[in-house]
>>> print(open('work_11.cif').read())   # mmCIF, C-alpha atoms
data_my_file
#
loop_
_atom_site.label_atom_id
_atom_site.label_comp_id
_atom_site.auth_asym_id
_atom_site.auth_seq_id
_atom_site.Cartn_x
_atom_site.Cartn_y
_atom_site.Cartn_z
CA LYS A 1 22.17 18.75 -10.19
CA ASN A 2 18.50 17.74 -10.23
CA GLN A 3 16.72 19.33 -7.29
CA VAL A 4 13.22 20.07 -6.06
CA GLU A 5 12.78 22.96 -3.65
CA GLN A 6 9.54 23.60 -1.77
CA SER A 7 8.34 26.63 0.13
CA PRO A 8 7.34 27.46 2.69
CA GLN A 9 8.81 24.77 4.91
CA SER A 10 5.77 25.01 7.18
CA LEU A 11 2.50 26.92 7.20
CA ILE A 12 -0.29 27.49 9.70
CA ILE A 13 -3.69 28.68 8.49
CA LEU A 14 -7.20 28.94 9.89
CA GLU A 15 -9.91 26.53 8.83
CA GLY A 16 -11.80 27.80 5.80
CA LYS A 17 -8.91 29.87 4.44
CA ASN A 18 -7.11 29.26 1.17
CA CYS A 19 -3.40 28.66 0.80
CA THR A 20 -0.80 28.11 -1.91
CA LEU A 21 2.30 25.94 -1.70
CA GLN A 22 5.24 26.41 -4.04
CA CYS A 23 7.60 24.03 -5.81
CA ASN A 24 10.62 24.97 -7.93
CA TYR A 25 12.65 22.36 -9.74
CA THR A 26 15.78 22.03 -11.83
CA VAL A 27 15.10 18.49 -13.08
CA SER A 28 16.01 17.91 -16.71
CA PRO A 29 14.91 16.27 -18.86
CA PHE A 30 11.44 16.62 -17.38
CA SER A 31 8.73 13.97 -17.56
CA ASN A 32 6.05 14.86 -15.04
CA LEU A 33 5.36 16.53 -11.72
CA ARG A 34 3.29 15.09 -8.90
CA TRP A 35 1.91 16.44 -5.67
CA TYR A 36 1.47 14.04 -2.78
CA LYS A 37 -0.26 14.45 0.57
CA GLN A 38 1.34 12.63 3.50
CA ASP A 39 -0.58 12.38 6.75
CA THR A 40 1.47 11.81 9.91
CA GLY A 41 2.40 8.16 10.22
CA ARG A 42 1.15 7.24 6.75
CA GLY A 43 2.58 6.83 3.29
CA PRO A 44 2.18 9.57 0.65
CA VAL A 45 -1.06 9.64 -1.35
CA SER A 46 -1.15 11.11 -4.84
CA LEU A 47 -3.17 14.29 -5.41
CA THR A 48 -2.26 15.23 -8.98
CA ILE A 49 0.15 14.36 -11.75
CA MET A 50 0.94 16.74 -14.63
CA THR A 51 2.95 16.19 -17.76
CA PHE A 52 4.80 18.79 -19.80
CA SER A 53 1.72 19.82 -21.79
CA GLU A 54 -0.58 20.31 -18.80
CA ASN A 55 -0.57 23.59 -16.90
CA THR A 56 -3.39 23.00 -14.43
CA LYS A 57 -5.11 20.05 -12.83
CA SER A 58 -7.70 19.87 -10.09
CA ASN A 59 -8.65 17.22 -7.56
CA GLY A 60 -11.56 18.49 -5.49
CA ARG A 61 -10.37 21.43 -3.43
CA TYR A 62 -6.78 20.94 -4.62
CA THR A 63 -5.59 22.69 -7.78
CA ALA A 64 -2.07 22.27 -9.09
CA THR A 65 -0.45 24.49 -11.70
CA LEU A 66 2.67 23.91 -13.73
CA ASP A 67 4.83 26.39 -15.64
CA ALA A 68 7.34 24.25 -17.50
CA ASP A 69 9.14 27.31 -18.84
CA THR A 70 10.00 28.71 -15.40
CA LYS A 71 10.07 25.23 -13.83
CA GLN A 72 7.62 26.17 -11.14
CA SER A 73 4.53 24.52 -9.76
CA SER A 74 2.02 25.47 -7.12
CA LEU A 75 -0.63 23.63 -5.16
CA HIS A 76 -3.63 25.72 -4.17
CA ILE A 77 -5.95 24.49 -1.43
CA THR A 78 -9.37 26.10 -1.31
CA ALA A 79 -11.56 26.39 1.79
CA SER A 80 -9.15 24.43 3.97
CA GLN A 81 -10.38 21.78 6.38
CA LEU A 82 -8.82 20.35 9.53
CA SER A 83 -8.16 17.13 7.60
CA ASP A 84 -5.89 19.03 5.22
CA SER A 85 -3.27 19.14 7.98
CA ALA A 86 -0.42 17.09 6.51
CA SER A 87 2.86 17.34 4.64
CA TYR A 88 2.60 18.10 0.94
CA ILE A 89 5.40 16.74 -1.19
CA CYS A 90 6.31 17.81 -4.71
CA VAL A 91 7.92 15.08 -6.83
CA VAL A 92 9.44 15.53 -10.27
CA SER A 93 10.13 12.61 -12.58
CA GLU A 94 13.07 12.59 -14.97
CA LEU A 95 12.41 11.60 -18.56
CA ARG A 96 14.27 8.35 -19.11
CA ASP A 97 13.22 7.64 -22.69
CA TYR A 98 10.40 8.54 -25.06
CA GLY A 99 8.80 5.19 -24.48
CA GLY A 100 7.70 6.50 -21.09
CA SER A 101 9.87 4.29 -18.89
CA GLN A 102 10.03 5.37 -15.28
CA GLY A 103 12.92 7.76 -14.73
CA ASN A 104 14.32 8.90 -11.41
CA LEU A 105 11.86 10.53 -9.03
CA ILE A 106 13.26 13.57 -7.25
CA PHE A 107 11.38 14.38 -4.06
CA GLY A 108 11.11 17.74 -2.36
CA LYS A 109 11.34 17.95 1.42
CA GLY A 110 7.69 18.86 1.71
CA THR A 111 5.63 21.67 3.21
CA LYS A 112 4.06 20.91 6.57
CA LEU A 113 0.58 22.44 6.65
CA SER A 114 -1.36 22.87 9.89
CA VAL A 115 -5.00 23.91 9.71
CA LYS A 116 -6.32 25.33 12.98
CA PRO A 117 -9.98 25.67 13.99
CA GLU B 1 -8.67 -2.95 -3.80
CA ALA B 2 -6.28 -3.75 -0.95
CA GLY B 3 -3.39 -1.34 -0.56
CA VAL B 4 0.32 -1.89 -0.07
CA ALA B 5 0.93 -3.76 3.18
CA GLN B 6 4.04 -3.38 5.30
CA SER B 7 5.20 -4.92 8.55
CA PRO B 8 6.20 -4.31 11.19
CA ARG B 9 4.88 -0.76 11.61
CA TYR B 10 7.47 0.09 14.25
CA LYS B 11 10.83 -1.37 15.20
CA ILE B 12 13.40 -0.36 17.80
CA ILE B 13 16.82 -1.99 17.72
CA GLU B 14 20.31 -1.30 19.01
CA LYS B 15 23.10 -0.34 16.66
CA ARG B 16 24.93 -3.27 15.07
CA GLN B 17 21.79 -5.43 15.28
CA SER B 18 19.98 -6.72 12.20
CA VAL B 19 16.44 -5.94 11.09
CA ALA B 20 14.15 -6.96 8.25
CA PHE B 21 11.07 -5.29 6.79
CA TRP B 22 8.39 -6.93 4.71
CA CYS B 23 6.23 -5.51 1.92
CA ASN B 24 3.28 -6.97 0.06
CA PRO B 25 2.42 -4.83 -2.99
CA ILE B 26 -0.97 -4.38 -4.61
CA SER B 27 -1.93 -7.54 -6.45
CA GLY B 28 -0.77 -7.49 -10.07
CA HIS B 29 1.69 -4.63 -9.65
CA ALA B 30 4.91 -5.47 -11.43
CA THR B 31 7.05 -2.66 -10.06
CA LEU B 32 8.05 -2.36 -6.41
CA TYR B 33 10.05 0.39 -4.73
CA TRP B 34 11.72 0.78 -1.34
CA TYR B 35 12.27 4.31 -0.03
CA GLN B 36 14.00 5.69 3.04
CA GLN B 37 12.44 8.81 4.56
CA ILE B 38 14.45 10.57 7.23
CA LEU B 39 12.47 12.88 9.52
CA GLY B 40 11.76 16.21 7.86
CA GLN B 41 12.84 15.09 4.41
CA GLY B 42 11.25 13.64 1.32
CA PRO B 43 11.60 9.92 0.52
CA LYS B 44 14.82 8.71 -1.08
CA LEU B 45 14.69 5.72 -3.44
CA LEU B 46 16.77 2.77 -2.22
CA ILE B 47 15.88 0.08 -4.73
CA GLN B 48 13.43 -0.59 -7.54
CA PHE B 49 12.28 -4.02 -8.73
CA GLN B 50 10.56 -4.97 -11.96
CA ASN B 51 8.94 -8.33 -11.20
CA ASN B 52 11.76 -10.15 -9.38
CA GLY B 53 14.64 -8.32 -11.06
CA VAL B 54 16.47 -5.27 -9.75
CA VAL B 55 16.09 -2.21 -12.01
CA ASP B 56 17.86 0.42 -9.92
CA ASP B 57 19.81 -0.01 -6.68
CA SER B 58 22.25 2.83 -7.19
CA GLN B 59 21.39 4.49 -3.86
CA LEU B 60 21.28 1.33 -1.77
CA PRO B 61 24.18 1.11 0.75
CA LYS B 62 25.08 -2.38 -0.31
CA ASP B 63 27.58 -2.95 2.46
CA ARG B 64 24.73 -3.14 4.96
CA PHE B 65 21.43 -3.11 3.06
CA SER B 66 20.01 -5.93 0.97
CA ALA B 67 16.65 -6.54 -0.63
CA GLU B 68 14.92 -9.28 -2.54
CA ARG B 69 11.58 -9.79 -4.17
CA LEU B 70 10.49 -13.37 -3.83
CA LYS B 71 8.74 -14.70 -6.93
CA GLY B 72 8.06 -11.18 -8.08
CA VAL B 73 5.47 -10.49 -5.38
CA ASP B 74 6.46 -9.88 -1.73
CA SER B 75 9.70 -8.14 -0.90
CA THR B 76 11.99 -7.92 2.11
CA LEU B 77 14.52 -5.22 2.95
CA LYS B 78 17.27 -6.07 5.41
CA ILE B 79 19.78 -3.97 7.29
CA GLN B 80 22.79 -5.72 8.78
CA PRO B 81 24.36 -4.25 10.87
CA ALA B 82 22.27 -1.18 11.63
CA LYS B 83 23.75 2.25 12.32
CA LEU B 84 22.26 5.20 14.18
CA GLU B 85 21.81 7.10 10.91
CA ASP B 86 19.51 4.34 9.62
CA SER B 87 16.76 5.65 11.88
CA ALA B 88 14.01 6.56 9.43
CA VAL B 89 10.70 5.49 7.97
CA TYR B 90 11.04 2.82 5.30
CA LEU B 91 8.32 3.11 2.69
CA CYS B 92 7.35 0.49 0.16
CA ALA B 93 5.46 1.49 -2.98
CA SER B 94 4.16 -0.39 -5.99
CA SER B 95 3.10 0.50 -9.50
CA LEU B 96 1.23 -1.46 -12.15
CA VAL B 97 4.02 -1.00 -14.66
CA ARG B 98 7.27 0.95 -14.83
CA ILE B 99 5.81 3.81 -16.85
CA SER B 100 6.52 7.31 -15.61
CA THR B 101 2.92 8.54 -15.61
CA TYR B 102 1.56 5.51 -13.80
CA GLU B 103 0.69 6.01 -10.18
CA GLN B 104 2.84 4.76 -7.31
CA TYR B 105 0.89 3.56 -4.32
CA PHE B 106 2.65 3.78 -0.97
CA GLY B 107 2.32 1.60 2.08
CA PRO B 108 2.09 3.04 5.61
CA GLY B 109 5.80 2.57 6.22
CA THR B 110 7.93 1.00 8.95
CA ARG B 111 9.39 3.42 11.47
CA LEU B 112 12.85 2.23 12.51
CA THR B 113 14.62 3.63 15.56
CA VAL B 114 18.24 2.62 16.09
CA THR B 115 19.58 3.34 19.57
#
>>> encode(input="work_11.cif", output="structure tokens")
Amino acid sequence: KNQVEQSPQSLIILEGKNCTLQCNYTVSPFSNLRWYKQDTGRGPVSLTIMTFSENTKSNGRYTATLDADTKQSSLHITASQLSDSASYICVVSELRDYGGSQGNLIFGKGTKLSVKP
Amino acid sequence: EAGVAQSPRYKIIEKRQSVAFWCNPISGHATLYWYQQILGQGPKLLIQFQNNGVVDDSQLPKDRFSAERLKGVDSTLKIQPAKLEDSAVYLCASSLVRISTYEQYFGPGTRLTVT
């Protein structure tokens, strides 16, 4: 069964500290992996998207890694800010065909991050 | 560029009542998605449109949920009759094309409470 598991479920850190969120998946065949940030009361906003051949991608203070062999990904947040408080959702896309058509998206439950002053 | 618009933002109804949500995707986006997000969980795809045709509605509870995409632009999602377990945030998203690496842009969602 295709699944995406995220850990930890929730995390509290102090402003300025770094943190790393984990995502393990069993989705096959694999197309790509995305990390989204979802602020309370808002829709998810994309941070990064990585395909099979990419093992790291950065977006400002956010750096995502992907190990397609172990089916693991991480999202590292550097020098956290109060505005980083949100849920971070890992989403894995199934490969539907080699033409790139959109396959099923399997969402994790998210990690709720709270950054305290 | 204007984002995905949804209305209403909040809705409270009693069980067995009907409710409808509206979504206006980003201009020019051919693909439109409706998701259900229950508190503490990730979004679950309900239905996917390509222009005005349904691509995937395998997880839509068709006995009570229906959706349409008028003229391949705006979309409405209806629940009739609502159940307590339908309480959730309903997210609409759109994508330029139905290619897996293309970005999905989400609206702010409609929070439904069924009492």
>>> residues_near_point(input="work_11.cif", point="(1.1, -6.9, -9.7)", cutoff="12 Å", atoms="all atoms listed in the file", output="ChimeraX atom specification")
/B:2-4,24-32,49-52,71-74,93-98,105
>>> resolve_selection(input="work_11.cif", expression="the PyMOL selection byres ((chain B) within 12 of (chain A))", output="number ranges by chain")
B: 3-6, 9-10, 31-50, 55-59, 88-111
>>> axis_aligned_box(input="work_11.cif", around="stretch 76-91 of chain B", padding_each_side="4 Å", output="lines of an AutoDock Vina configuration file")
center_x = 16.3
center_y = -0.4
center_z = 8.1
size_x = 24.0
size_y = 23.0
size_z = 20.1
>>> atom_distance(input="work_11.cif", atom1="atom CA of A:Gln81", atom2="atom CA of A:Glu54")
27.1 Å
>>> atom_distance(input="work_11.cif", atom1="atom CA of A:His76", atom2="atom CA of A:Lys1")
27.4 Å
>>> residues_around(input="work_11.cif", residues="A:Leu82", least_positions_apart="4", cutoff="9 Å", atoms="only C-alpha atoms", output="list in words")
Leu14, Glu15, Gly16, Ser114, Val115, Lys116 and Pro117 of chain A
>>> write_last_selection(input="work_11.cif", atoms="C-alpha atoms", output="PDB file, keeping the file's coordinate frame")
ATOM      1  CA  LEU A  14      -7.200  28.940   9.890  1.00  0.00           C
ATOM      2  CA  GLU A  15      -9.910  26.530   8.830  1.00  0.00           C
ATOM      3  CA  GLY A  16     -11.800  27.800   5.800  1.00  0.00           C
ATOM      4  CA  SER A 114      -1.360  22.870   9.890  1.00  0.00           C
ATOM      5  CA  VAL A 115      -5.000  23.910   9.710  1.00  0.00           C
ATOM      6  CA  LYS A 116      -6.320  25.330  12.980  1.00  0.00           C
ATOM      7  CA  PRO A 117      -9.980  25.670  13.990  1.00  0.00           C
TER       8      PRO A 117
END
>>> resolve_selection(input="work_11.cif", expression="the PyMOL selection byres ((chain A and resi 64-69) around 12)", output="ChimeraX atom specification")
/A:19-36,46-63,70-78,88,90,92
>>> write_last_selection(input="work_11.cif", atoms="C-alpha atoms", output="short mmCIF file (atom, residue, chain, number, x, y, z; two decimals), in the coordinates of the input")
data_model
loop_
_atom_site.label_atom_id
_atom_site.label_comp_id
_atom_site.auth_asym_id
_atom_site.auth_seq_id
_atom_site.Cartn_x
_atom_site.Cartn_y
_atom_site.Cartn_z
CA CYS A 19 -3.40 28.66 0.80
CA THR A 20 -0.80 28.11 -1.91
CA LEU A 21 2.30 25.94 -1.70
CA GLN A 22 5.24 26.41 -4.04
CA CYS A 23 7.60 24.03 -5.81
CA ASN A 24 10.62 24.97 -7.93
CA TYR A 25 12.65 22.36 -9.74
CA THR A 26 15.78 22.03 -11.83
CA VAL A 27 15.10 18.49 -13.08
CA SER A 28 16.01 17.91 -16.71
CA PRO A 29 14.91 16.27 -18.86
CA PHE A 30 11.44 16.62 -17.38
CA SER A 31 8.73 13.97 -17.56
CA ASN A 32 6.05 14.86 -15.04
CA LEU A 33 5.36 16.53 -11.72
CA ARG A 34 3.29 15.09 -8.90
CA TRP A 35 1.91 16.44 -5.67
CA TYR A 36 1.47 14.04 -2.78
CA SER A 46 -1.15 11.11 -4.84
CA LEU A 47 -3.17 14.29 -5.41
CA THR A 48 -2.26 15.23 -8.98
CA ILE A 49 0.15 14.36 -11.75
CA MET A 50 0.94 16.74 -14.63
CA THR A 51 2.95 16.19 -17.76
CA PHE A 52 4.80 18.79 -19.80
CA SER A 53 1.72 19.82 -21.79
CA GLU A 54 -0.58 20.31 -18.80
CA ASN A 55 -0.57 23.59 -16.90
CA THR A 56 -3.39 23.00 -14.43
CA LYS A 57 -5.11 20.05 -12.83
CA SER A 58 -7.70 19.87 -10.09
CA ASN A 59 -8.65 17.22 -7.56
CA GLY A 60 -11.56 18.49 -5.49
CA ARG A 61 -10.37 21.43 -3.43
CA TYR A 62 -6.78 20.94 -4.62
CA THR A 63 -5.59 22.69 -7.78
CA THR A 70 10.00 28.71 -15.40
CA LYS A 71 10.07 25.23 -13.83
CA GLN A 72 7.62 26.17 -11.14
CA SER A 73 4.53 24.52 -9.76
CA SER A 74 2.02 25.47 -7.12
CA LEU A 75 -0.63 23.63 -5.16
CA HIS A 76 -3.63 25.72 -4.17
CA ILE A 77 -5.95 24.49 -1.43
CA THR A 78 -9.37 26.10 -1.31
CA TYR A 88 2.60 18.10 0.94
CA CYS A 90 6.31 17.81 -4.71
CA VAL A 92 9.44 15.53 -10.27
#
>>> atom_distance(input="work_11.cif", atom1="atom CA of B:Lys78", atom2="atom CA of B:Leu112")
11.8 Å
>>> closest_residue(input="work_11.cif", among="B:Ile13, B:Gln80, B:Ser75, B:Thr115", to="B:Val54", atoms="all atoms listed in the file")
B:Ser75
>>> resolve_selection(input="work_11.cif", expression="the PyMOL selection byres ((chain B and resi 63) around 12)", output="ChimeraX atom specification")
/B:59-62,64-67,78-83
>>> closest_residue(input="work_11.cif", among="B:Gly53, B:Val19, B:Glu14, B:Pro8", to="B:Val114", atoms="only C-alpha atoms")
B:Glu14
>>> closest_residue(input="work_11.cif", among="A:Ser7, A:Leu113, A:Lys37, A:Asn18", to="A:Ala79", atoms="only C-alpha atoms")
A:Asn18
>>> decode(input="work_11.cif", residues="stretch 6-112 of chain B", atoms="C-alpha atoms", output="CSV table (one decimal), in the first residue's frame")
chain,number,residue,atom,x,y,z
B,6,GLN,CA,-12.7,29.8,-2.7
B,7,SER,CA,-15.9,30.7,-1.0
B,8,PRO,CA,-17.3,30.7,1.5
B,9,ARG,CA,-14.4,30.5,3.9
B,10,TYR,CA,-16.5,29.1,6.7
B,11,LYS,CA,-19.8,27.2,6.8
B,12,ILE,CA,-21.7,25.7,9.7
B,13,ILE,CA,-24.7,23.4,8.9
B,14,GLU,CA,-26.7,20.8,10.6
B,15,LYS,CA,-26.5,17.1,9.5
B,16,ARG,CA,-28.7,16.2,6.6
B,17,GLN,CA,-28.6,19.7,5.2
B,18,SER,CA,-27.0,20.5,1.9
B,19,VAL,CA,-24.0,22.7,1.2
B,20,ALA,CA,-22.1,24.0,-1.8
B,21,PHE,CA,-18.6,25.3,-2.2
B,22,TRP,CA,-17.2,27.4,-5.0
B,23,CYS,CA,-13.7,27.5,-6.5
B,24,ASN,CA,-12.2,29.9,-9.1
B,25,PRO,CA,-8.8,28.5,-10.3
B,26,ILE,CA,-5.9,30.6,-11.5
B,27,SER,CA,-6.6,31.9,-15.0
B,28,GLY,CA,-5.5,29.5,-17.7
B,29,HIS,CA,-5.1,26.5,-15.4
B,30,ALA,CA,-6.6,23.5,-17.1
B,31,THR,CA,-6.5,21.1,-14.1
B,32,LEU,CA,-8.6,21.5,-11.0
B,33,TYR,CA,-8.6,19.5,-7.9
B,34,TRP,CA,-10.9,19.2,-4.8
B,35,TYR,CA,-9.4,17.9,-1.6
B,36,GLN,CA,-10.8,17.1,1.8
B,37,GLN,CA,-8.6,17.7,4.8
B,38,ILE,CA,-9.7,16.4,8.1
B,39,LEU,CA,-8.2,18.0,11.2
B,40,GLY,CA,-4.7,16.7,11.9
B,41,GLN,CA,-4.4,14.9,8.5
B,42,GLY,CA,-3.1,15.6,5.1
B,43,PRO,CA,-5.4,16.4,2.2
B,44,LYS,CA,-7.2,13.6,0.5
B,45,LEU,CA,-8.1,14.0,-3.2
B,46,LEU,CA,-11.8,13.9,-3.9
B,47,ILE,CA,-12.0,14.7,-7.6
B,48,GLN,CA,-9.8,15.9,-10.4
B,49,PHE,CA,-10.9,17.8,-13.5
B,50,GLN,CA,-9.1,18.3,-16.8
B,51,ASN,CA,-10.9,21.3,-18.4
B,52,ASN,CA,-14.5,20.4,-17.8
B,53,GLY,CA,-14.0,16.6,-17.8
B,54,VAL,CA,-13.6,14.4,-14.8
B,55,VAL,CA,-10.2,12.6,-14.7
B,56,ASP,CA,-10.3,10.9,-11.3
B,57,ASP,CA,-13.3,10.7,-8.9
B,58,SER,CA,-12.4,7.4,-7.4
B,59,GLN,CA,-12.4,8.7,-3.8
B,60,LEU,CA,-15.5,10.9,-4.1
B,61,PRO,CA,-18.4,9.5,-2.0
B,62,LYS,CA,-20.8,9.7,-4.9
B,63,ASP,CA,-23.9,8.9,-2.9
B,64,ARG,CA,-23.7,12.4,-1.3
B,65,PHE,CA,-20.9,14.4,-3.0
B,66,SER,CA,-21.1,15.8,-6.5
B,67,ALA,CA,-18.9,18.3,-8.4
B,68,GLU,CA,-18.9,20.0,-11.7
B,69,ARG,CA,-16.7,22.4,-13.5
B,70,LEU,CA,-18.7,24.9,-15.5
B,71,LYS,CA,-17.2,25.6,-18.9
B,72,GLY,CA,-13.8,24.4,-17.7
B,73,VAL,CA,-13.2,27.3,-15.4
B,74,ASP,CA,-15.1,27.7,-12.1
B,75,SER,CA,-16.1,24.6,-10.1
B,76,THR,CA,-18.6,23.8,-7.4
B,77,LEU,CA,-18.6,20.9,-4.9
B,78,LYS,CA,-21.8,19.9,-3.3
B,79,ILE,CA,-22.7,17.7,-0.3
B,80,GLN,CA,-26.2,16.5,0.0
B,81,PRO,CA,-27.1,15.4,2.7
B,82,ALA,CA,-24.2,16.2,5.0
B,83,LYS,CA,-23.0,13.9,7.8
B,84,LEU,CA,-21.0,14.7,10.9
B,85,GLU,CA,-17.9,13.1,9.5
B,86,ASP,CA,-17.9,15.6,6.6
B,87,SER,CA,-16.6,18.2,9.0
B,88,ALA,CA,-13.3,19.2,7.4
B,89,VAL,CA,-11.5,21.8,5.3
B,90,TYR,CA,-12.3,21.5,1.6
B,91,LEU,CA,-9.3,22.7,-0.5
B,92,CYS,CA,-9.4,23.6,-4.1
B,93,ALA,CA,-6.2,23.5,-6.2
B,94,SER,CA,-5.3,24.2,-9.8
B,95,SER,CA,-2.4,23.4,-12.1
B,96,LEU,CA,-1.5,24.7,-15.5
B,97,VAL,CA,-1.5,21.2,-17.0
B,98,ARG,CA,-1.8,17.6,-15.7
B,99,ILE,CA,1.9,16.9,-15.6
B,100,SER,CA,3.3,15.5,-12.5
B,101,THR,CA,6.1,18.0,-12.0
B,102,TYR,CA,3.9,21.0,-12.5
B,103,GLU,CA,3.0,22.9,-9.4
B,104,GLN,CA,-0.4,22.7,-7.8
B,105,TYR,CA,-1.6,26.0,-6.3
B,106,PHE,CA,-4.0,25.7,-3.4
B,107,GLY,CA,-6.8,28.1,-2.3
B,108,PRO,CA,-7.4,29.0,1.3
B,109,GLY,CA,-10.0,26.4,1.8
B,110,THR,CA,-13.6,26.3,3.1
B,111,ARG,CA,-13.9,25.1,6.7
B,112,LEU,CA,-17.1,23.1,7.1
